[in-house]
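Engineer: Here you go, one structure.
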Amino acid sequence: MDISKLDRGTLYAVRSSAAAEDSADATAAGRFETILSVGFDDLGPAIARVKEGYNKGAVILQPDLSSRMMLSGVAYTNLNGRMLLNIGRGCHVQRIVKGEGAETTVSINNEVTIKGAPISPALLESIREGCMRVERYFGRPMDVEFAVIDKKVIYLQARPLPSPTAASITESEVRRISYELRNATKAGLSEVVLGVGNYREILGDSAATNLSVSTFNYVFAGDGESVPGAAQLGRNELGYDVGMEISPCLVYASGKVYYNFAGDAMQFRPKGIRLEDFMHVVNNVYIPMAKGDPDLLNYPELRMYAQFPEQAEQVGLDPEPFRKLAENNRRALLAIEPPATPPEKEFMAVFSATGPCLTELRRRLDAMRTGSAKEYVKAARLAFFALEDIRLLLSEMRASDAPHYTALVRLFGSDDPEKLRDAIVYNESIRNFEVPREERFKYLGSFELSLERGFPPERRERRGVEIADLALREKVFLARRALEMREKKKFFLLRDLDVVRQLYLQMAELTNAGTELFSLGLEELYMTGCDTLLARYRSAMRREAAQNSNAFGEPIFGSTMRSVAQSTTAAMPELVFGKMEDGEHRFAVGTEAKIVRAVDQTVEVSEDALVLIVPPNIRPGSHLFTVLSDYNIPVVSLPAAMLGAAKDATHLTINKKGNALDIVCD
């Protein structure tokens, strides 16, 4: 630059500056010389002096603020699981960088400890929050130099902490999760709860990436501030009162997908119920229920939330808004008209620069948010409402008409109203689109956009058993039709997601980011353009976090989130669908026992299969389960560890006694 244009009355700091100095894996803090209080006439010699020991990059000139510093120091936002602040009076930051001690050392984790001279609590909180903003911006633990000037905290520079420990990564993830869920916390949530449920199924299980999760969040829950997602738009059209407290729907933590339990529950608030009253129920009813039986978190929409006036009264809510909502939903069910023809795949134009590609991406996401995703949300909500309506009818029947209920149990094979409902509804195949295996229909798959798209599986459609009870028959008809609507509307959503995938792959090529692109979040994609050091920092941090994938249990409760040993709910083998007689059953793996992973959204089952083996998050109501129910054979869920053993086995022996299953892999 032309230094003659600089202000002659300003003192400058002259120092080295190059991207190669600090990377995701190494730092050169304090290695090269920095000269302070350099006047205009001395800039030339100072620049030459800095370059003597540094010839790999540029020299930067900054206004020297050292004489105005009241305090200064260095912060490590996450050093072995804690934030560490080294502070001194005046321009003490330069001494710290050169290896001298601090006048005050502050350690912050669950508590604050101070060694040395005291510091104002308000000022300490300002430094802490500012350093956390720096960490959130870069997406990883950072080394931050700061100063206090005129009672304001100024951030001088930041570099990544190289090779953070597993404890540091975990603590950073905890902080990020807490920040991301601030909408629910501000709405009155007493404790963060993160479940698993079927979101792992629709996001490819262990294949899920941060970019796909953040895309899902934007499309379905908006930006968390002013842009509503499909969940708010679709449900509110049906008579709900869903706001930004549900955002985000999902959390990506240590390489795994979790759903925001409070946000999930808040989608069931009808118009006429105050937010604080509903949050009171979440805090004092739903969370204690989840802690009492964490398995309820696996598809809670069909298992724990109040949806009818009788249920609302049980949890202390005004039943009248729920009565109106139920009436609205029943009317909407009667008006359902599933689409007759599937959408055809759209082939995206090729872009030559990232700017136009990102512009088109934003346009497509917003069109999906207000279009296919919103319509899908409405269809899914009505389908689940219809299923719950049947469960309530069966519960009443069991209490008031035992002979009739017993006959249904003998016919469909379960005494539990929830499982009996599923056996009845899925006894007949849920209709879907039948399309030829041509490229124009190759857009089906999981919501994980890094995975390939496929075709719909071949169907074995069957007619269901005739249902004698007229009221039950009508509700089952409506439920099947609503599920048909949901499955067909999903085709339009997946077609649009395929367009987004095409744009992401173009961005990966335009920026030479490759698969690292999927480590970024959607907002980072817009902010960085993917071709910066910042993007590489974040990708590196996400890879490190994914390697620490056992940092959290399943589910996650906020009260134990920071504990070293995370508890995991013990999952047991379970017959989730279909009939299986008591006794010992032996199956050959791969032919008689078909093992289905969550990413197999377009799975096909051979004629020889006698049992389907699935992960524990595949429940009635999920899309994969709807596909598998076509085959009319037992579906057994296995814990993740046992599922891996079954996959490597040649035979599977299931010993059934009542509701208990004992499984041996050999």
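Lettering and numbering for the structure tokens are positional, with chains as A, B, ... in the shown order, residues counted from 1 in each chain, and ligands counted from 1 in the shown order.
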May I have the residues within 7 Å of region 178-186 of chain A as a count of residues only, using only C-alpha atoms and disregarding those fewer than 6 positions away in the same chain?
Structural biologist: 7
Engineer: Could you check the closest approach to Phe625 (chain A) for each of A:Tyr76, A:Phe492, A:Tyr286, A:Tyr426 and tell me which residue wins, using only C-alpha atoms?
Structural biologist: A:Tyr426
Engineer: Which of these residues is nearest to Leu478 (chain A), using only C-alpha atoms: A:Ala102, A:Leu382, A:Leu394, A:Leu65?
Structural biologist: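 Among the listed residues, the smallest separation from Leu478 (chain A) belongs to A:Leu382.
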Engineer: Please identify all polymer residues within 12 Å of Ala641 (chain A), counting only C-alpha atoms, omitting same-chain residues fewer than 2 positions from it, and present them as an mmCIF file with C-alpha atoms, in the first residue's frame.
Structural biologist:
data_model
loop_
_atom_site.group_PDB
_atom_site.id
_atom_site.type_symbol
_atom_site.label_atom_id
_atom_site.label_comp_id
_atom_site.auth_asym_id
_atom_site.auth_seq_id
_atom_site.Cartn_x
_atom_site.Cartn_y
_atom_site.Cartn_z
ATOM 1 C CA ALA A 570 -30.912 -49.082 27.188
ATOM 2 C CA ALA A 571 -32.760 -50.180 24.055
ATOM 3 C CA MET A 572 -34.164 -53.710 23.948
ATOM 4 C CA PRO A 573 -35.188 -55.871 20.977
ATOM 5 C CA PRO A 615 -32.950 -49.798 13.992
ATOM 6 C CA PRO A 616 -34.815 -48.893 17.195
ATOM 7 C CA SER A 637 -36.193 -53.354 16.081
ATOM 8 C CA LEU A 638 -32.713 -53.984 17.481
ATOM 9 C CA PRO A 639 -30.385 -51.737 19.498
ATOM 10 C CA LEU A 643 -27.933 -54.451 14.777
ATOM 11 C CA GLY A 644 -24.248 -54.373 13.848
ATOM 12 C CA ALA A 645 -23.781 -57.917 15.141
ATOM 13 C CA ALA A 646 -26.834 -59.110 13.216
ATOM 14 C CA LYS A 647 -25.504 -57.598 10.008
ATOM 15 C CA ASP A 648 -22.298 -59.643 10.311
ATOM 16 C CA CYS A 665 -26.700 -63.792 16.364
#
Engineer: Pull the alpha helix (DSSP H) assignments for region 608-647 of chain A out of DSSP run on the backbone, and list those residues as JSON, numbers by chain.
Structural biologist: {"A": [623, 624, 625, 626, 627, 628, 640, 641, 642, 643, 644, 645, 646, 647]}
Engineer: Which residue, A:Gly514, A:Gly73, A:Gly590, A:Gly621, has the smallest gap to Asn198 (chain A) when you use only C-alpha atoms?
Structural biologist: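 Among A:Gly514, A:Gly73, A:Gly590, A:Gly621, it is A:Gly621 that comes nearest to Asn198 (chain A).
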Engineer: Any idea what the distance is between CA of Gly204 (chain A) and CA of Gly255 (chain A)?
Structural biologist: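 These two atoms are separated by 12.0 Å.
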Engineer: Name all residues at most 7 Å from region 496-503 of chain A (count only C-alpha atoms; drop same-chain ones fewer than 4 positions away) and give them as a list in words.
Structural biologist: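 Once the nearby chain positions are removed, what remains is Glu346, Met348, Cys357, Leu361, Met368, Tyr443, Leu449, Phe492 and Met507 of chain A.
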Engineer: Take the residues that were just selected and, keeping N, CA and C atoms, output them as a short mmCIF file (atom, residue, chain, number, x, y, z; two decimals), in the first residue's frame.
Structural biologist:
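Writing done, so here's out_4.cif:
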data_model
loop_
_atom_site.label_atom_id
_atom_site.label_comp_id
_atom_site.auth_asym_id
_atom_site.auth_seq_id
_atom_site.Cartn_x
_atom_site.Cartn_y
_atom_site.Cartn_z
N GLU A 346 -36.46 -32.09 -11.80
CA GLU A 346 -36.02 -30.88 -12.48
C GLU A 346 -34.49 -30.88 -12.56
N MET A 348 -31.13 -28.88 -12.96
CA MET A 348 -30.71 -27.52 -12.66
C MET A 348 -29.76 -26.98 -13.72
N CYS A 357 -25.17 -18.89 -8.09
CA CYS A 357 -25.58 -20.20 -7.58
C CYS A 357 -26.22 -20.05 -6.19
N LEU A 361 -30.02 -20.75 -4.99
CA LEU A 361 -30.24 -21.63 -3.84
C LEU A 361 -31.21 -21.00 -2.85
N MET A 368 -39.49 -23.71 -1.54
CA MET A 368 -39.81 -24.98 -0.89
C MET A 368 -40.43 -24.74 0.49
N TYR A 443 -35.43 -39.11 -7.70
CA TYR A 443 -35.19 -38.05 -6.72
C TYR A 443 -35.55 -38.49 -5.31
N LEU A 449 -28.62 -34.70 1.97
CA LEU A 449 -28.42 -34.28 0.59
C LEU A 449 -27.08 -34.69 0.01
N PHE A 492 -43.13 -34.48 -3.86
CA PHE A 492 -42.90 -33.11 -4.32
C PHE A 492 -41.78 -32.46 -3.50
N MET A 507 -21.89 -25.93 -5.95
CA MET A 507 -21.08 -25.11 -5.06
C MET A 507 -19.80 -25.83 -4.66
#
Engineer: Would you please give, as a VMD selection string, all residues of region 149-219 of chain A that DSSP assigns to strand (DSSP E or B) based on the backbone?
Structural biologist: chain A and resid 149 152 to 160 193 to 195
Engineer: Using only C-alpha atoms for the distances, tell me which of A:Thr560, A:Gly521, A:Leu652, A:Lys98 is nearest to Glu584 (chain A).
Structural biologist: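 The shortest atom-to-atom distance to Glu584 (chain A) comes from A:Leu652.
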Engineer: Mind checking which residues fall within 8 Å of region 315-332 of chain A, counting only C-alpha atoms, ignoring those fewer than 3 positions away in the same chain, and posting them as a VMD selection string?
Structural biologist: chain A and resid 238 to 240 270 to 273 277 to 278 281 285 306 to 312 335 to 336 382 385
Engineer: Rounded to one decimal, what separation in Å do you get between CA of Ala482 (chain A) and CA of Glu428 (chain A)?
Structural biologist: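 According to the coordinates, CA of Ala482 (chain A) and CA of Glu428 (chain A) are separated by 13.4 Å.
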Engineer: Taking 2 positions as the minimum chain separation for residues in the same chain, which residues sit within 6 Å of region 205-219 of chain A when counting only C-alpha atoms? Answer as a list in words.
Structural biologist: Arg200, Glu201, Leu203, Ala221, Gly222, Asp223, Gly229, Pro248, Cys249, Arg369, Glu448, Leu449, Phe518, Ser519, Leu520, Gly521, Leu522 and Ala598 of chain A
Engineer: Applying 9 Å and only C-alpha atoms, which residues near Lys475 (chain A) remain after dropping the ones on its own chain fewer than 3 positions away? List them as a PDB file with C-alpha atoms, in the first residue's frame.
Structural biologist:
ATOM      1  CA  ALA A 386     -55.978 -39.376  12.255  1.00  0.00           C
ATOM      2  CA  LEU A 387     -53.806 -42.107  13.789  1.00  0.00           C
ATOM      3  CA  ASP A 389     -57.941 -40.369  16.771  1.00  0.00           C
ATOM      4  CA  ILE A 390     -58.067 -44.127  16.155  1.00  0.00           C
ATOM      5  CA  LEU A 470     -68.606 -48.570  11.190  1.00  0.00           C
ATOM      6  CA  ALA A 471     -67.054 -45.800  13.310  1.00  0.00           C
ATOM      7  CA  LEU A 472     -63.680 -47.542  13.350  1.00  0.00           C
ATOM      8  CA  LEU A 478     -59.486 -41.430   6.714  1.00  0.00           C
ATOM      9  CA  ALA A 479     -56.150 -42.366   8.296  1.00  0.00           C
ATOM     10  CA  ARG A 480     -55.085 -44.411   5.285  1.00  0.00           C
TER      11      ARG A 480
END
Engineer: Looking at A:Leu510, A:Val14, A:Ile430, A:Val664, which one is nearest to Pro356 (chain A), with distances taken over only C-alpha atoms?
Structural biologist: A:Leu510
Engineer: Here is a test: counting only C-alpha atoms, which residue of A:Val192, A:Ala230, A:Thr113, A:Phe40 is nearest to Leu365 (chain A)?
Structural biologist: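 The answer is A:Ala230, which sits nearest to Leu365 (chain A).
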Engineer: Using Å and a single decimal, report how far CA of Pro300 (chain A) sits from CA of Glu237 (chain A).
Structural biologist: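 Taking CA of Glu237 (chain A) and CA of Pro300 (chain A), their separation equals 22.1 Å.
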